[in-house]
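Scroll down for the structure; my scribbles are underneath it.
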2 protein chains.
Amino acid sequence: MGIIGDTRDNALLTDLYELTMAAGYFQHGVNHTATFELFVRALPPNRSYLIVAGVEQVLTYLSRLRFHEEEIRFLQQHPIFRHVPPAFFDYLRTFRFRGEVWGIPEGNLVFAEEPILRVTAPVIEAQIVETFLLSMINFQTLIATKASRVVWAAGKDGKRREVADFGSRRAHGPEAGVLAARASYIGGCTSTSNTYAGMFYQIPISGTMAHSWVMSFNKEEEAFRAFHQSFPEATILLIDTYDTEAGAHLAVQIGPHIRGVRIDSGNAWAMSRKVRAILDRAGLTHVKIVVSGDLNEYLIQDLVDRGAPIDFFGVGTEMVTSKDAPALGGVYKLVEQEEGEKRRYRAKFSVEKATYPGKKQVFRFLDGEGRYVKDLIARENEVPGRGAIPLLVPLMKGGEQLAPSPSLPEIQQKARDSLSRLPEVYRRLDNPRPYPVYKSQALEALFQQVQQEQRAFLKER
Amino acid sequence: MGIIGDTRDNALLTDLYELTMAAGYFQHGVNHTATFELFVRALPPNRSYLIVAGVEQVLTYLSRLRFHEEEIRFLQQHPIFRHVPPAFFDYLRTFRFRGEVWGIPEGNLVFAEEPILRVTAPVIEAQIVETFLLSMINFQTLIATKASRVVWAAGKDGKRREVADFGSRRAHGPEAGVLAARASYIGGCTSTSNTYAGMFYQIPISGTMAHSWVMSFNKEEEAFRAFHQSFPEATILLIDTYDTEAGAHLAVQIGPHIRGVRIDSGNAWAMSRKVRAILDRAGLTHVKIVVSGDLNEYLIQDLVDRGAPIDFFGVGTEMVTSKDAPALGGVYKLVEQEEGEKRRYRAKFSVEKATYPGKKQVFRFLDGEGRYVKDLIARENEVPGRGAIPLLVPLMKGGEQLAPSPSLPEIQQKARDSLSRLPEVYRRLDNPRPYPVYKSQALEALFQQVQQEQRAFLKER
C-alpha cells in the first residue's frame, strides 16, 4: 500500500511521456513556470454534482515525491532514454516538487469545468505529477459522489438509515478497496468493512458474518450462538442461509441482546417486512434489519419510498466501482506560463475540447439562507462582489503543505453541509436540473484574446 | 504499492467479518479443513468468455501473508474484539497460510460457474484470504478480458495493429493503473504508458507527448524538433494541438526518422486517411499513425472495418475501467469440509444463487484441430474420457508455491493461443453464441443428494 502507507516507488507511478517530456525540457533548458488546472469537462451520466475527494493523498504524494536509485537506473538503462544526457538523471536524484498548489478542499461540491486543483511549478515538476493527481482525484471524487447518492436515497424520507461500504471484494484491486472506503465515508457512509481502512484512516468498521460461517456449523442455531458468545455486543446474524423467516425465528431465540439481522437475498422489501414483524412480535423492536446484495441508489430509493423497514444498507459492487458511471474524465491542462516577466496564456480551441486560458478561481453565490445559487468561473484575482465565496484556497507553497489536512470526519461533515445547501432540484436522482455555472466576462475576454492571437500565429506559419 | 512491491500491511486488506469469523472459529475450536471455490456466477454483459488473470499476485500474497504487530494491536484494542480471548491474537502472531491451492493458470479462458481457484485449508486460513483473492482475480480478469476484445477488434482483418494501455490516469487509483497495465498486457496489449509497470513487470512501455509539450514552445515546429533531438529513435509527434493536417505537414518537415504521428481528437477515420495521404506523398510510408481518445472495441472495430489507416491504438479509460462492464462478480464459496475422516459437502440452493457442492475440476474438450468444443464441470477426481483437458492444476501445497509463476510474455502467449482455439462464433463482439458448459452426472447427483440431506435437516428443526 505504498501510496497510502509509505513513500516507496511513487515517482514511476506516472505515464512514460511525463518522463520523456521532462527529459526533453531538461535537455532544452525549458524550465519556465507553468500552471496546470485539473478539472472535469463534463459531469458523468446520472451525476449533477461532484464531491471533491483525494486531495489529502495528492498533497502527501507531492510532499514525498522523489526518485529512488532503482527507478533512476531503470530509466537510464532504458533504450528510449539512450540519447538523454546523464545530467538529467542527476537532476532526478535531487528532484523534489517545490511548486504551489491551490485547490478546492475535500468535501466541497464542484461542477463541470471548475478547477479542482491548480498547480504552478517549474514545468517539469508540474508535468511529472499529472498522472498520479488525475488517478487519485478522479477515483476518489467518483466514489465520494456515488456514495453520496446512495446515502441520500437511504435517508430521503428524513429517517436515519446507515450505509456501509461492503465493496472491497469487487473494487479494482486491494488499494482501490481502501481508497473507496475513504471516499465513500466522505460521501456519507458511516462505516466500511475494509479493516485496513479502519486502521489507517480510522474509519469505523462494520461487518456481520458470511454464509460460510453458518454452514460451518452443524446447525444454524449453533452458528448463531457461537457468534453471539464471541461478539455479544456486535452480533448481527445472517439469517438467509437456509430459510429467511425460519432464520428470523432462530434469531429471536438467541435473545434480546443481538444488534441486528442481515438479509442478503430474495425480495428485500417483502422479506424485511416479514422479518420486522417476526422480531416485533417477539418484542425485539430494537433489533436492526441490515440488507445487502447488489444495491444501488435507485433500488434503495425504491425500498425507502415503499416503506421497507430497513435500518442499515450494506452496499458493495455498485458503489465501489460507481457502476453506472465507472470513470471520471478529469483532465490536467496547461493554462498559463511565466517566463521572467512575460506571461503566456494557453488554451485549446477545438469545438469538443476547448479549455479556457489563465489561472482561475471559482466563486459560489449563496442566498440569504446559505443555499447555493450559482457558480462563477473567473480569472484568478477577480472580485465578483459580496456574498461570493472563493472555492480554491492555497494548499501548498514551495512544495510545503500550508496546513494539516482536515480530518476525515471534518471532510464528511463538509460534504454533508455542502449537500444540504444544494437545492433539491439540482441534486435529486431523477432528472435533476443542471446547476448554473457561468464564466466571468474577464475570462471570456481572455479566451477571445488568446484565440485571436493563436489564429494570427497559425496564419503566420 | 504494497501488494506489488512489498509485504507490509497485507493482512488487514480484508473485510472485518473475515477476522471476526476467524476469532469466532478460534474461540470455539472450529478448525476443520474447508474448501472454498472462487468462480463467477454469470458472465458480465457483452462478455462471452473471461481470461484468467491475477493468479501470480494471489500466490505471492498467500506466501507472504502475516499479521504485523501494529495490525494485531489495532484489532486487539478495537471494541468489537473486546470479548475475544488473548490467545487468538497470539495465534495471529504466528499465522501463516499453509493451505493447498488449485487453480486455472493465467491466460486460460474460463466461463461462468467454472472454479478459477480452489482453496483447501484450515477454515480460518481459507476464510481470511477471501477478500484479497476476490479483488485481485476479479479486477485483473475483468481487464485482461476487456483488453482482449479491444486487441481482437484492432486486428480483426488479420493485419497487425498494436494496442497500448494509456489508461493510468482514469484507473481506480495508482495501484489499479499498475494492475491494469499487467492485465491488459495479458489480454494482448503490446505496451503500457505506466512506467512503474514497465519497471516492476518488465512490460514494454510506450508514449508520445502531451499537448502541453507542444504548447510549451513558441512554435509547434520547435516543439517537434526539440523532441526529435532528445528521442531520435522514439519520436511520435502529437499533431492535433492546433490543426491536424498542418501538424502532419510539419511532421514531414521534421524528417524521415520519426516513428509516428498521433491524432487525439476529431474524426479518427477521416483524419487518419488525410494524414496517411500527407505522409505517403512525402515518402514517409513507414511512419506509423497512432490514434487515441475515448476508444473502445466497438469504435476500433468500426475504424478497422472502414479501412482507417491506423497502425497503433492508445486505449485508456474504457479499457482500464472495463467501462461497459466495470465489475466482475466473482464469489468465493464454501463447497466442502473435512473433519477427520468425515466429509461434508456444502452448497446453496436458492434459485438465484445456487452453488454446487464438493471439490471440482473443469475439463475442456478439443476437436481434432485443437479448437475448443465444450467444457465439463465435474467432481474433482472424475475421468471424463480421452481428449478432455483438466484445467485446474495444483499451485500451492502446505502454503508453498509448487512452481515459479510463468513469465508475463508466457501468459500473454497462453491467452493468445487460447483465444485462437475458441471458435469465432463464441468470441465475436456482436451476438456471440454462448460457449457450451455442462455439469457432469456425478456433480448433478451430488447436488441432488446434498439438497435432499439439507431438506431433511431443515424439516427436523
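Letters A, B, ... go to the chains of the C-alpha cells in the order shown; residues in each chain start at 1; ligands are counted from 1 in the same order.
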Quick one: which residues from chain A are at most 6 Å off chain B, using only C-alpha atoms, as number ranges by chain?
A: 1-2, 12-17, 24, 131, 134-136, 139, 169-173, 176, 193-196, 207-209, 212, 230, 334
Saved selection, atoms kept: C-alpha atoms, as a PDB file, in the first residue's frame:
```pdb
ATOM      1  CA  MET A   1       0.000   0.000   0.000  1.00  0.00           C
ATOM      2  CA  GLY A   2       2.837   2.300  -0.864  1.00  0.00           C
ATOM      3  CA  LEU A  12       7.402   5.957 -11.614  1.00  0.00           C
ATOM      4  CA  LEU A  13       3.662   5.820 -10.972  1.00  0.00           C
ATOM      5  CA  THR A  14       3.289   8.046 -13.977  1.00  0.00           C
ATOM      6  CA  ASP A  15       2.893   7.824 -17.717  1.00  0.00           C
ATOM      7  CA  LEU A  16       6.122   7.403 -19.630  1.00  0.00           C
ATOM      8  CA  TYR A  17       5.500  10.561 -21.617  1.00  0.00           C
ATOM      9  CA  GLY A  24      13.222  16.872 -23.209  1.00  0.00           C
ATOM     10  CA  THR A 131      -0.879  11.004 -13.899  1.00  0.00           C
ATOM     11  CA  LEU A 134      -5.560  12.571 -12.068  1.00  0.00           C
ATOM     12  CA  SER A 135      -5.923   8.973 -10.974  1.00  0.00           C
ATOM     13  CA  MET A 136      -6.248   9.924  -7.306  1.00  0.00           C
ATOM     14  CA  PHE A 139     -11.228   7.887  -8.470  1.00  0.00           C
ATOM     15  CA  ARG A 169     -14.005  -7.667  -2.974  1.00  0.00           C
ATOM     16  CA  ARG A 170     -15.275  -6.019  -6.143  1.00  0.00           C
ATOM     17  CA  ALA A 171     -13.051  -2.943  -6.073  1.00  0.00           C
ATOM     18  CA  HIS A 172     -10.392  -2.566  -8.750  1.00  0.00           C
ATOM     19  CA  GLY A 173      -7.684  -4.216  -6.671  1.00  0.00           C
ATOM     20  CA  ALA A 176      -8.877   0.649  -4.707  1.00  0.00           C
ATOM     21  CA  SER A 193     -15.900  -3.494   6.007  1.00  0.00           C
ATOM     22  CA  ASN A 194     -12.313  -2.763   4.917  1.00  0.00           C
ATOM     23  CA  THR A 195     -10.214  -3.414   8.009  1.00  0.00           C
ATOM     24  CA  TYR A 196      -7.106  -1.719   6.637  1.00  0.00           C
ATOM     25  CA  GLY A 207     -19.439  -6.432   9.363  1.00  0.00           C
ATOM     26  CA  THR A 208     -21.664  -9.363  10.083  1.00  0.00           C
ATOM     27  CA  MET A 209     -20.932 -12.981   9.121  1.00  0.00           C
ATOM     28  CA  SER A 212     -19.840 -19.991   5.178  1.00  0.00           C
ATOM     29  CA  SER A 230     -17.698 -14.249  20.814  1.00  0.00           C
ATOM     30  CA  LEU A 334      -1.760  23.833 -19.218  1.00  0.00           C
TER      31      LEU A 334
END
```
Could you pull out the strand (DSSP E or B) residues of range 352-460 of chain B from DSSP and send them as a PyMOL selection string?
chain B and resi 355+360-366+372-379+388-390+393-397+400-401+437-439
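Counting from CA of Leu279 in chain A, the distance to CA of Asp305 in chain A is 22.0 Å.
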Nearby residues (only C-alpha atoms) at most 12 Å from Ala53 in chain A, same-chain spacing under 4 positions excluded, as an NGL selection string:
:A and (57-59 or 103-110 or 116-117 or 133-148 or 179-187 or 405-406 or 408 or 411-412 or 414-415)
Take the selection from the previous step and output its residues with C-alpha atoms, as a compact mmCIF listing (two decimals), in the first residue's frame.
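The result, stored in result.txt:
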```txt
# COMPACT_ATOMS: atom_id res chain seq x y z
CA GLN A 57 -3.36 11.83 -0.85
CA VAL A 58 -2.30 14.26 -3.56
CA LEU A 59 -0.60 16.54 -1.04
CA GLY A 103 -7.38 23.57 -4.70
CA ILE A 104 -10.93 23.11 -3.57
CA PRO A 105 -10.86 21.32 -0.21
CA GLU A 106 -12.29 17.83 0.07
CA GLY A 107 -15.98 17.61 0.79
CA ASN A 108 -16.89 20.60 -1.35
CA LEU A 109 -19.16 20.27 -4.35
CA VAL A 110 -17.84 21.04 -7.82
CA ILE A 116 -10.39 21.28 -8.54
CA LEU A 117 -6.62 21.70 -8.36
CA LEU A 133 -3.02 13.57 -9.48
CA LEU A 134 -5.56 12.57 -12.07
CA SER A 135 -5.92 8.97 -10.97
CA MET A 136 -6.25 9.92 -7.31
CA ILE A 137 -8.74 12.77 -7.74
CA ASN A 138 -10.69 11.03 -10.49
CA PHE A 139 -11.23 7.89 -8.47
CA GLN A 140 -11.95 9.27 -5.02
CA THR A 141 -14.19 12.02 -6.38
CA LEU A 142 -16.07 9.44 -8.42
CA ILE A 143 -16.71 7.24 -5.38
CA ALA A 144 -17.48 10.03 -2.89
CA THR A 145 -20.08 11.29 -5.34
CA LYS A 146 -21.62 7.89 -5.94
CA ALA A 147 -21.73 7.18 -2.20
CA SER A 148 -23.47 10.49 -1.52
CA LEU A 179 -9.43 4.31 -1.27
CA ALA A 180 -13.09 3.54 -1.96
CA ALA A 181 -13.64 3.07 1.77
CA ARG A 182 -12.20 6.53 2.39
CA ALA A 183 -14.13 8.17 -0.42
CA SER A 184 -17.44 6.54 0.44
CA TYR A 185 -17.02 7.66 4.05
CA ILE A 186 -16.62 11.22 2.73
CA GLY A 187 -19.79 10.68 0.71
CA SER A 405 -5.27 18.18 6.01
CA PRO A 406 -8.66 18.21 7.72
CA LEU A 408 -11.96 12.59 7.68
CA ILE A 411 -14.42 16.29 5.46
CA GLN A 412 -17.51 14.12 5.79
CA LYS A 414 -18.19 19.41 5.00
CA ALA A 415 -19.74 17.19 2.32
```
Hey, can you check how far CA of Arg262 in chain B sits from CA of Val129 in chain A?
22.3 Å
Shell of 8 Å around Ile300 in chain A, only C-alpha atoms, local chain residues under 3 positions omitted, as a ChimeraX atom specification
/A:150,153-154,295-297,303-304
Between CA of Leu392 in chain B and CA of Arg41 in chain B lies a distance of 17.6 Å
Quick one: residues within 6 Å of Ile236 in chain B, only C-alpha atoms, excluding same-chain residues fewer than 4 positions away - as a PyMOL selection string?
chain B and resi 208+259-261
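Minimum distance to Asp280 in chain B across B:Ala268, B:Ala248, B:Ala42, B:Leu443 (counting only C-alpha atoms) occurs at B:Ala248.
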List as a compact mmCIF listing (two decimals) with C-alpha atoms, in the first residue's frame the protein and nucleic acid residues near Arg364 in chain B, meaning an atom at most 8 Å away when only C-alpha atoms are counted, but skip any in the same chain fewer than 5 places from it.
```
# COMPACT_ATOMS: atom_id res chain seq x y z
CA TYR B 372 -12.44 -25.73 -28.01
CA VAL B 373 -15.70 -27.66 -28.29
CA LYS B 374 -17.21 -27.67 -24.82
CA ASP B 375 -16.39 -27.70 -21.12
CA LEU B 376 -17.49 -30.05 -18.40
CA ALA B 388 -10.54 -33.85 -22.14
CA ILE B 389 -8.01 -31.48 -20.61
CA PRO B 390 -8.26 -30.75 -16.88
CA LEU B 391 -7.90 -27.02 -16.37
```
DSSP on the backbone, then: every residue of range 12-206 of chain A marked helix (DSSP H, G or I), written as a PyMOL selection string.
chain A and resi 16-27+55-64+69-77+79-81+86-93+123-128+130-154+168-170+174-186+195-201
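For Phe95 in chain A, the list of residues within 10 Å, based on only C-alpha atoms and with local chain neighbours fewer than 5 positions off taken out, reads Ala11, Leu65, Arg66, Phe67, Phe89, Asp90, Ile124 and Glu125 of chain A.
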